[in-house]
file protein.txt (compact mmCIF, C-alpha atoms)
# COMPACT_ATOMS: atom_id res chain seq x y z
CA MET Z 1 -117.82 36.16 9.30
CA VAL Z 2 -114.09 35.80 9.85
CA TRP Z 3 -112.90 33.46 12.58
CA SER Z 4 -109.62 33.96 14.33
CA THR Z 5 -107.11 31.17 13.88
CA LYS Z 6 -105.36 32.02 17.13
CA ILE Z 7 -105.84 29.26 19.70
CA SER Z 8 -105.00 29.51 23.35
CA LEU Z 9 -104.17 26.21 25.01
CA THR Z 10 -104.42 26.32 28.79
CA MET Z 11 -103.94 22.66 29.71
CA PHE Z 12 -103.24 19.26 28.22
CA LEU Z 13 -106.10 16.99 29.27
CA LEU Z 14 -105.47 13.39 28.25
CA ASP Z 15 -108.30 10.85 27.94
CA ASN Z 16 -111.68 11.01 29.67
CA GLU Z 17 -112.83 9.18 32.77
CA LEU Z 18 -109.66 7.15 32.62
CA ASN Z 19 -110.65 4.94 35.54
CA LEU Z 20 -113.79 3.83 33.66
CA ALA Z 21 -112.09 3.33 30.31
CA TYR Z 22 -109.43 0.90 31.53
CA PRO Z 23 -109.48 -2.07 33.92
CA ALA Z 24 -108.12 -1.37 37.40
CA ASN Z 25 -105.16 -3.69 36.80
CA GLN Z 26 -104.04 -1.44 33.91
CA LEU Z 27 -104.20 1.89 35.76
CA ASP Z 28 -100.54 1.77 36.80
CA ASN Z 29 -99.54 1.59 33.13
CA ILE Z 30 -102.07 4.20 32.02
CA PHE Z 31 -101.05 6.74 34.68
CA SER Z 32 -97.42 6.03 33.79
CA LEU Z 33 -98.22 7.10 30.21
CA VAL Z 34 -99.84 10.29 31.52
CA ALA Z 35 -96.70 10.99 33.57
CA ASP Z 36 -94.53 10.32 30.50
CA ALA Z 37 -96.61 12.79 28.48
CA ARG Z 38 -96.16 15.32 31.27
CA ASP Z 39 -92.40 14.81 31.11
CA VAL Z 40 -92.44 15.44 27.35
CA VAL Z 41 -94.39 18.68 27.85
CA ILE Z 42 -91.87 19.77 30.50
CA ASP Z 43 -88.98 18.95 28.13
CA ILE Z 44 -90.56 21.02 25.37
CA GLU Z 45 -92.04 23.93 27.34
CA GLY Z 46 -89.72 24.09 30.34
CA PRO Z 47 -90.48 24.58 34.03
CA ASN Z 48 -93.37 26.99 33.37
CA HIS Z 49 -95.15 24.44 31.18
CA ARG Z 50 -98.90 24.20 30.75
CA PRO Z 51 -100.47 21.73 33.17
CA VAL Z 52 -100.98 18.10 32.15
CA SER Z 53 -103.83 16.02 33.52
CA THR Z 54 -106.51 13.46 32.81
CA THR Z 55 -110.11 13.24 34.00
CA VAL Z 56 -111.34 10.61 36.38
CA ALA Z 57 -114.87 9.51 37.21
CA ASP Z 58 -116.11 9.60 40.79
CA ILE Z 59 -115.09 6.04 41.61
CA ASN Z 60 -112.41 5.64 44.28
CA VAL Z 61 -111.11 9.13 43.47
CA THR Z 62 -109.36 9.67 46.77
CA GLN Z 63 -107.47 6.39 46.37
CA LEU Z 64 -106.51 7.37 42.81
CA VAL Z 65 -105.22 10.73 44.01
CA GLU Z 66 -103.23 9.11 46.76
CA LYS Z 67 -101.64 6.56 44.42
CA TYR Z 68 -101.10 8.62 41.26
CA ASP Z 69 -100.62 12.18 42.51
CA ASP Z 70 -97.15 12.42 40.94
CA SER Z 71 -98.57 11.67 37.47
CA VAL Z 72 -100.50 14.94 36.96
CA ASP Z 73 -100.17 18.67 37.60
CA VAL Z 74 -103.83 19.18 38.45
CA TRP Z 75 -106.62 16.72 39.20
CA CYS Z 76 -109.70 16.85 36.97
CA MET Z 77 -112.78 14.98 38.13
CA GLN Z 78 -116.32 14.29 36.93
CA ILE Z 79 -118.36 14.45 40.15
CA TYR Z 80 -122.07 13.65 40.32
CA ARG Z 81 -123.16 13.38 43.95
CA GLY Z 82 -126.45 15.26 43.83
CA ARG Z 83 -126.88 18.62 45.52
CA SER Z 84 -123.55 18.44 47.38
CA PHE Z 85 -120.01 17.27 46.77
CA GLY Z 86 -120.14 15.72 50.23
CA SER Z 87 -116.72 15.14 51.76
CA LEU Z 88 -114.85 15.41 48.43
CA PHE Z 89 -112.87 18.54 49.26
CA ALA Z 90 -111.91 17.46 52.77
CA ASP Z 91 -110.93 13.98 51.56
CA TYR Z 92 -108.98 15.43 48.64
CA ALA Z 93 -107.06 17.89 50.82
CA THR Z 94 -105.65 15.04 52.92
CA ARG Z 95 -104.15 13.43 49.81
CA SER Z 96 -102.96 16.21 47.51
CA THR Z 97 -101.92 19.84 47.48
CA LYS Z 98 -102.42 20.12 43.72
CA PRO Z 99 -105.31 22.11 42.26
CA LEU Z 100 -108.60 20.27 41.76
CA PHE Z 101 -110.83 21.15 38.81
CA ILE Z 102 -114.33 19.68 38.57
CA THR Z 103 -114.59 19.03 34.83
CA GLU Z 104 -118.22 17.86 35.05
CA HIS Z 105 -120.92 18.31 37.65
CA GLY Z 106 -124.64 19.00 37.78
CA VAL Z 107 -127.96 17.24 37.69
CA ASP Z 108 -130.56 16.42 35.07
CA ALA Z 109 -133.67 18.62 35.03
CA TYR Z 110 -135.92 15.59 34.68
CA ASP Z 111 -137.69 14.58 37.89
CA SER Z 112 -138.26 10.85 37.44
CA VAL Z 113 -140.44 10.65 40.57
CA ASN Z 114 -143.01 13.09 39.18
CA ASN Z 115 -142.28 12.40 35.48
CA ARG Z 116 -141.64 16.03 34.57
CA GLU Z 117 -138.84 18.52 34.24
CA ASP Z 118 -138.00 20.55 37.32
CA GLN Z 119 -135.70 23.30 36.16
CA GLN Z 120 -136.01 25.10 39.50
CA ALA Z 121 -134.58 22.10 41.35
CA GLN Z 122 -131.84 21.80 38.72
CA ALA Z 123 -130.94 25.47 39.24
CA GLU Z 124 -130.89 25.01 43.04
CA TYR Z 125 -128.54 22.02 42.72
CA ALA Z 126 -126.23 24.01 40.44
CA GLU Z 127 -126.22 26.97 42.83
CA ASN Z 128 -125.43 24.74 45.83
CA LEU Z 129 -122.56 23.07 43.99
CA TRP Z 130 -121.07 26.40 42.88
CA LYS Z 131 -121.28 27.71 46.45
CA GLU Z 132 -119.41 24.64 47.70
CA MET Z 133 -116.69 25.13 45.09
CA ILE Z 134 -116.35 28.79 46.07
CA ALA Z 135 -116.25 27.90 49.78
CA ASN Z 136 -113.45 25.44 48.97
CA SER Z 137 -111.57 27.65 46.52
CA SER Z 138 -108.30 26.99 48.35
CA ILE Z 139 -108.66 23.40 47.08
CA CYS Z 140 -110.93 23.66 44.03
CA SER Z 141 -109.79 25.91 41.21
CA GLY Z 142 -113.14 25.82 39.41
CA GLY Z 143 -115.62 23.68 37.60
CA ALA Z 144 -117.68 23.16 34.48
CA ILE Z 145 -121.34 22.35 34.79
CA PHE Z 146 -122.48 19.57 32.49
CA ALA Z 147 -125.08 20.74 29.98
CA TYR Z 148 -127.87 18.21 30.03
CA VAL Z 149 -130.07 17.89 26.95
CA ASP Z 150 -133.21 16.18 28.12
CA GLU Z 151 -134.69 13.86 25.55
CA VAL Z 152 -137.60 11.47 25.76

call {"tool": "encode", "arguments": {"input": "protein.txt", "output": "structure tokens"}}
result
Amino acid sequence: MVWSTKISLTMFLLDNELNLAYPANQLDNIFSLVADARDVVIDIEGPNHRPVSTTVADINVTQLVEKYDDSVDVWCMQIYRGRSFGSLFADYATRSTKPLFITEHGVDAYDSVNNREDQQAQAEYAENLWKEMIANSSICSGGAIFAYVDEV
């Protein structure tokens, strides 16, 4: 089999769950580095540059967006709130006009109450979350469901 060596890069995504990886008192410096990287990409690629972002975990995300919105081109978030994103989209829309991409979402198939897998419930959660993203497509540009590998 021959693999193509052509790679298509759609976005620069720096770090993962940045707000979990660094103490809160360092976030100003960390987001400043993300903004600096964005400036370098703009210098190299020009005004039609590929987007630059980082991912954040679902901890104080609306406050992060409000404070650091100028640091990224698109917001990427790992959101695990069960069968619904709750008020995420409405809260987000009051703080940013930039695209929002849900880089992780979903639910484990394991039902810890009944000690068994419940793939039907997992599928229903996934369907509900996708429907919410579609209903909020003016805010949310898409998402990636997390692939759980259940192990005992």

call {"tool": "closest_atom_pairs", "arguments": {"input": "protein.txt", "of": "stretch 31-92 of chain Z", "to": "stretch 116-127 of chain Z", "cutoff": "12 Å", "atoms": "all atoms listed in the file", "output": "tab-separated table"}}
result
residue	atom	partner	partner_atom	distance
Z:Tyr80	CA	Z:Tyr125	CA	10.8
Z:Arg81	CA	Z:Tyr125	CA	10.3
Z:Gly82	CA	Z:Tyr125	CA	7.2
Z:Arg83	CA	Z:Tyr125	CA	4.7
Z:Ser84	CA	Z:Tyr125	CA	7.7
Z:Phe85	CA	Z:Tyr125	CA	10.6

call {"tool": "atom_distance", "arguments": {"input": "protein.txt", "atom1": "atom CA of Z:Ile139", "atom2": "atom CA of Z:Asn16"}}
result
21.6 Å

call {"tool": "closest_residue", "arguments": {"input": "protein.txt", "among": "Z:Ser137, Z:Asn48, Z:Asn128, Z:Gln26", "to": "Z:Phe101", "atoms": "all atoms listed in the file"}}
result
Z:Ser137

call {"tool": "residues_near_point", "arguments": {"input": "protein.txt", "point": "(-111.0, 10.4, 35.1)", "cutoff": "9 Å", "atoms": "all atoms listed in the file", "output": "JSON, numbers by chain"}}
result
{"Z": [15, 16, 17, 18, 19, 20, 21, 54, 55, 56, 57, 58, 59, 61, 75, 76, 77, 78]}

call {"tool": "residues_around", "arguments": {"input": "protein.txt", "residues": "Z:Thr10", "least_positions_apart": "4", "cutoff": "10 Å", "atoms": "all atoms listed in the file", "output": "ChimeraX atom specification"}}
result
/Z:49-52

call {"tool": "closest_residue", "arguments": {"input": "protein.txt", "among": "Z:Ile79, Z:Val107, Z:Ile7, Z:Ala24", "to": "Z:Gly143", "atoms": "all atoms listed in the file"}}
result
Z:Ile79

call {"tool": "closest_residue", "arguments": {"input": "protein.txt", "among": "Z:Glu132, Z:Asp111, Z:Glu66, Z:Asp73", "to": "Z:Tyr92", "atoms": "all atoms listed in the file"}}
result
Z:Glu66
